[in-house]
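Report on the structure given below.
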Amino acid sequence: MKRISALLLALGFSILGFTQDSTTANLPASDTAIVENLPVADNTKEARKAARKNKWSNLDLANRSKDHLLLQFGMIGLSGAPDTIRTRGLSRGFNVYFMFDFPFKSNPQYSVAIGAGVSSSNIFFDKTYIDISGKNNNRLSFNDVSDTTHFKKYKLMNTYLEAPVELRFTADPSRPNKSWKGAVGFKVGTMIGAVTKGKTWQSSSGQTLNTYTQKEKAKRFFNGTRLSLTGRVGLGVLSLFGSYQINPFVKEGLGPDIRPFAAGITISGL
C-alpha cells in the first residue's frame, strides 16, 4: 500500500511539471520572453512619478473652460469694529476679475491663476454720520446721531482695483464645468474711491423732513493699499468664496483698527 501511494504521488508531481513545461513551451516566442522577463512591481518614487505623468500625457486641455471670468457677490462684515460702530442690514459687495490660468504640466489638476479686476463694497450704518472728509476731526470718526437729525439710510462705499493670485485645484481638469474645484490665494488692491451717501433726512423721532441726499468723497483716512487672503470651493461654475483683509482698513493712528471680511457666491467660466 505504501509503495502504491508513493508511486501515485511521484506520478502526480511528474504530471504537474509536464503541464507547466507544456504551457510555456506552447506560447509564441514573444510571449515566452514576456513570461520569463515579467518585471517585479516597482513602487519607487520615480515609478509613481512616471505613472502620474503618463496619466495626463494624452489629456487634451485646449478647449477646456479656464475660469477666466470670476463674478462674486458677497456679504461684508467688519472684524475688530468697536461697539460704537453700528451697522445695519446686509452690507454687501460685488467683485469682477479676469484671470489667466496656467496648468501644471506634470499634473493639470493644479494650476496658478493671475489677473486683475474691480472690487466694490457697500457698508450700511444705523443713525451714524462718518466724518470722511475730516472737517471736524483729524481722525475718522463714526458719530452717533440718533438724538438729532440724521439720514434714514446711510452707507460707506469703497472701490478698489485689484490683482488676485490663486493656486487652483480641479478634480477633473477635462470637465471643469462639472468638477469639484478649490482655490487659495491672495489679492492686492489699490483704493480708487471712498464715498459716504446719506438719503432721506429725518428728525430724531424718525419723522421724514425731506428727501435730501448727501454725498461726500475722501480717501485721506483709508489705507490706499489692501492686502487680502482668499479662498474658494465649489462644484462646476458655482463656488463659495471668502476673503479677509489682513492689513488695517483705516490708516494707523487715524481711526479704529478694522479688518473687513466677505463671504458669498462665485460664478466662474470662459
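For the C-alpha cells, the naming scheme is as follows: chains receive sequential letters (A, B, ...) according to their order of presentation, residues are indexed from 1 within each chain, and ligands are indexed from 1 in presentation order.
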
Counting only C-alpha atoms, give me one row per residue of stretch 108-143 of chain A with an atom at most 10 Å from an atom of stretch 182-204 of chain A, showing the shortest contact pair and its distance in Å to one decimal, sorted by chain then residue number, as JSON lines.
```
{"residue": "A:Tyr110", "atom": "CA", "partner": "A:Ala183", "partner_atom": "CA", "distance": 9.5}
{"residue": "A:Ser111", "atom": "CA", "partner": "A:Ala183", "partner_atom": "CA", "distance": 9.4}
{"residue": "A:Val112", "atom": "CA", "partner": "A:Ala183", "partner_atom": "CA", "distance": 9.3}
{"residue": "A:Ala113", "atom": "CA", "partner": "A:Gly185", "partner_atom": "CA", "distance": 9.3}
{"residue": "A:Ile114", "atom": "CA", "partner": "A:Lys187", "partner_atom": "CA", "distance": 9.4}
{"residue": "A:Gly115", "atom": "CA", "partner": "A:Lys187", "partner_atom": "CA", "distance": 9.5}
{"residue": "A:Ala116", "atom": "CA", "partner": "A:Lys187", "partner_atom": "CA", "distance": 9.2}
{"residue": "A:Gly117", "atom": "CA", "partner": "A:Gly189", "partner_atom": "CA", "distance": 9.2}
{"residue": "A:Val118", "atom": "CA", "partner": "A:Gly189", "partner_atom": "CA", "distance": 8.7}
{"residue": "A:Ser119", "atom": "CA", "partner": "A:Gly189", "partner_atom": "CA", "distance": 8.5}
{"residue": "A:Ser120", "atom": "CA", "partner": "A:Gly193", "partner_atom": "CA", "distance": 9.3}
{"residue": "A:Ser121", "atom": "CA", "partner": "A:Ala194", "partner_atom": "CA", "distance": 9.7}
{"residue": "A:Asn122", "atom": "CA", "partner": "A:Thr196", "partner_atom": "CA", "distance": 9.4}
{"residue": "A:Ile123", "atom": "CA", "partner": "A:Thr196", "partner_atom": "CA", "distance": 9.5}
{"residue": "A:Phe124", "atom": "CA", "partner": "A:Lys197", "partner_atom": "CA", "distance": 9.6}
{"residue": "A:Phe125", "atom": "CA", "partner": "A:Gly198", "partner_atom": "CA", "distance": 9.9}
{"residue": "A:Lys127", "atom": "CA", "partner": "A:Ser204", "partner_atom": "CA", "distance": 9.4}
{"residue": "A:Thr128", "atom": "CA", "partner": "A:Gly198", "partner_atom": "CA", "distance": 9.6}
{"residue": "A:Tyr129", "atom": "CA", "partner": "A:Gly198", "partner_atom": "CA", "distance": 8.6}
{"residue": "A:Ile130", "atom": "CA", "partner": "A:Thr196", "partner_atom": "CA", "distance": 7.5}
{"residue": "A:Asp131", "atom": "CA", "partner": "A:Thr196", "partner_atom": "CA", "distance": 9.0}
{"residue": "A:Ile132", "atom": "CA", "partner": "A:Thr196", "partner_atom": "CA", "distance": 7.3}
{"residue": "A:Ser133", "atom": "CA", "partner": "A:Val195", "partner_atom": "CA", "distance": 9.7}
```

Using only C-alpha atoms, determine which residues lie at most 9 Å from stretch 73-82 of chain A, disregarding the query and same-chain residues fewer than 2 positions distant; provide the list as an mmCIF file with N, CA and C atoms, in the first residue's frame.
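The resulting file, around-v6.cif, is reproduced below:
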```cif
data_model
loop_
_atom_site.group_PDB
_atom_site.id
_atom_site.type_symbol
_atom_site.label_atom_id
_atom_site.label_comp_id
_atom_site.auth_asym_id
_atom_site.auth_seq_id
_atom_site.Cartn_x
_atom_site.Cartn_y
_atom_site.Cartn_z
ATOM 1 N N LEU A 71 -17.158 86.250 -11.228
ATOM 2 C CA LEU A 71 -18.125 87.212 -10.711
ATOM 3 C C LEU A 71 -18.473 86.807 -9.284
ATOM 4 N N THR A 84 -19.250 101.058 19.319
ATOM 5 C CA THR A 84 -19.768 102.375 18.944
ATOM 6 C C THR A 84 -20.062 102.472 17.448
ATOM 7 N N ILE A 85 -19.558 101.524 16.668
ATOM 8 C CA ILE A 85 -19.859 101.495 15.235
ATOM 9 C C ILE A 85 -21.046 100.568 15.020
ATOM 10 N N ARG A 86 -22.175 101.138 14.619
ATOM 11 C CA ARG A 86 -23.415 100.373 14.484
ATOM 12 C C ARG A 86 -23.755 100.196 12.998
ATOM 13 N N LEU A 90 -27.873 94.267 5.482
ATOM 14 C CA LEU A 90 -26.891 93.391 4.862
ATOM 15 C C LEU A 90 -25.904 94.214 4.051
ATOM 16 N N SER A 91 -24.750 94.454 4.638
ATOM 17 C CA SER A 91 -23.692 95.115 3.880
ATOM 18 C C SER A 91 -23.199 94.134 2.824
ATOM 19 N N ARG A 92 -22.933 94.626 1.635
ATOM 20 C CA ARG A 92 -22.661 93.707 0.539
ATOM 21 C C ARG A 92 -21.611 94.273 -0.420
ATOM 22 N N GLY A 93 -21.089 93.373 -1.250
ATOM 23 C CA GLY A 93 -20.078 93.778 -2.207
ATOM 24 C C GLY A 93 -20.192 92.989 -3.495
ATOM 25 N N PHE A 94 -19.539 93.503 -4.520
ATOM 26 C CA PHE A 94 -19.516 92.850 -5.826
ATOM 27 C C PHE A 94 -18.104 92.953 -6.391
ATOM 28 N N ASN A 95 -17.587 91.828 -6.891
ATOM 29 C CA ASN A 95 -16.244 91.785 -7.478
ATOM 30 C C ASN A 95 -16.318 91.170 -8.864
ATOM 31 N N SER A 121 -17.596 97.710 -2.353
ATOM 32 C CA SER A 121 -18.310 97.339 -1.132
ATOM 33 C C SER A 121 -19.265 98.445 -0.728
ATOM 34 N N ASN A 122 -20.383 98.034 -0.132
ATOM 35 C CA ASN A 122 -21.383 98.959 0.414
ATOM 36 C C ASN A 122 -21.679 98.528 1.844
ATOM 37 N N ILE A 123 -21.211 99.336 2.810
ATOM 38 C CA ILE A 123 -21.403 99.024 4.225
ATOM 39 C C ILE A 123 -22.432 99.991 4.789
ATOM 40 N N PHE A 241 -17.035 81.581 -1.734
ATOM 41 C CA PHE A 241 -15.742 82.234 -1.536
ATOM 42 C C PHE A 241 -15.704 82.961 -0.201
ATOM 43 N N GLY A 242 -14.506 83.215 0.255
ATOM 44 C CA GLY A 242 -14.291 84.012 1.455
ATOM 45 C C GLY A 242 -13.038 84.840 1.282
ATOM 46 N N PRO A 256 -10.220 103.476 14.160
ATOM 47 C CA PRO A 256 -10.218 102.129 14.739
ATOM 48 C C PRO A 256 -9.550 101.119 13.805
ATOM 49 N N ASP A 257 -8.988 100.068 14.396
ATOM 50 C CA ASP A 257 -8.322 99.007 13.631
ATOM 51 C C ASP A 257 -9.381 98.018 13.145
ATOM 52 N N ILE A 258 -9.926 98.277 11.972
ATOM 53 C CA ILE A 258 -10.988 97.459 11.391
ATOM 54 C C ILE A 258 -10.419 96.616 10.254
ATOM 55 N N ARG A 259 -10.821 95.338 10.185
ATOM 56 C CA ARG A 259 -10.401 94.446 9.104
ATOM 57 C C ARG A 259 -11.659 93.877 8.432
ATOM 58 N N PRO A 260 -12.048 94.396 7.284
ATOM 59 C CA PRO A 260 -13.233 93.860 6.593
ATOM 60 C C PRO A 260 -13.028 92.410 6.116
ATOM 61 N N PHE A 261 -14.128 91.662 6.118
ATOM 62 C CA PHE A 261 -14.120 90.319 5.562
ATOM 63 C C PHE A 261 -15.391 90.125 4.742
ATOM 64 N N ALA A 262 -15.374 89.149 3.857
ATOM 65 C CA ALA A 262 -16.525 88.911 2.982
ATOM 66 C C ALA A 262 -16.711 87.419 2.751
ATOM 67 N N ALA A 263 -17.957 87.020 2.489
ATOM 68 C CA ALA A 263 -18.282 85.639 2.142
ATOM 69 C C ALA A 263 -19.467 85.662 1.195
ATOM 70 N N GLY A 264 -19.427 84.793 0.191
ATOM 71 C CA GLY A 264 -20.522 84.800 -0.763
ATOM 72 C C GLY A 264 -20.374 83.753 -1.843
ATOM 73 N N ILE A 265 -20.920 84.043 -3.021
ATOM 74 C CA ILE A 265 -21.002 83.109 -4.144
ATOM 75 C C ILE A 265 -20.146 83.614 -5.305
ATOM 76 N N THR A 266 -19.445 82.691 -5.937
ATOM 77 C CA THR A 266 -18.670 82.995 -7.137
ATOM 78 C C THR A 266 -19.267 82.251 -8.325
ATOM 79 N N ILE A 267 -19.429 82.959 -9.427
ATOM 80 C CA ILE A 267 -19.794 82.344 -10.710
ATOM 81 C C ILE A 267 -18.574 82.456 -11.613
#
```

Give me, please, the distance in Å between atom CA of A:Gly224 and atom CA of A:Leu140, quoted to one decimal.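 Value for the atom CA of A:Gly224-atom CA of A:Leu140 distance: 14.7 Å.
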
Grab the atom CA of A:Ser65 to atom CA of A:Tyr244 distance for me, in Å with one decimal place.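 Taking atom CA of A:Ser65 as the start and atom CA of A:Tyr244 as the end point, the length is 27.5 Å.
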
Got a sec: who's within 10 Å of A:Gly253, counting only C-alpha atoms, leaving out chain neighbours fewer than 5 positions off, as a ChimeraX atom specification? /A:138-140,221

A:Val237 environment, 9 Å, only C-alpha atoms, sequence neighbours closer than 3 positions dropped, as a PDB file with C-alpha atoms, in the first residue's frame:
```pdb
ATOM      1  CA  ASP A  67     -12.368  80.123 -15.417  1.00  0.00           C
ATOM      2  CA  PRO A 176     -14.015  71.699 -15.149  1.00  0.00           C
ATOM      3  CA  ASN A 177     -17.631  72.882 -15.517  1.00  0.00           C
ATOM      4  CA  LYS A 178     -18.821  69.636 -13.879  1.00  0.00           C
ATOM      5  CA  SER A 179     -15.962  69.024 -11.460  1.00  0.00           C
ATOM      6  CA  GLY A 234     -17.402  74.568  -5.195  1.00  0.00           C
ATOM      7  CA  THR A 266     -18.670  82.995  -7.137  1.00  0.00           C
ATOM      8  CA  ILE A 267     -19.794  82.344 -10.710  1.00  0.00           C
ATOM      9  CA  SER A 268     -16.881  81.314 -12.919  1.00  0.00           C
ATOM     10  CA  GLY A 269     -16.476  80.476 -16.583  1.00  0.00           C
TER      11      GLY A 269
END
```
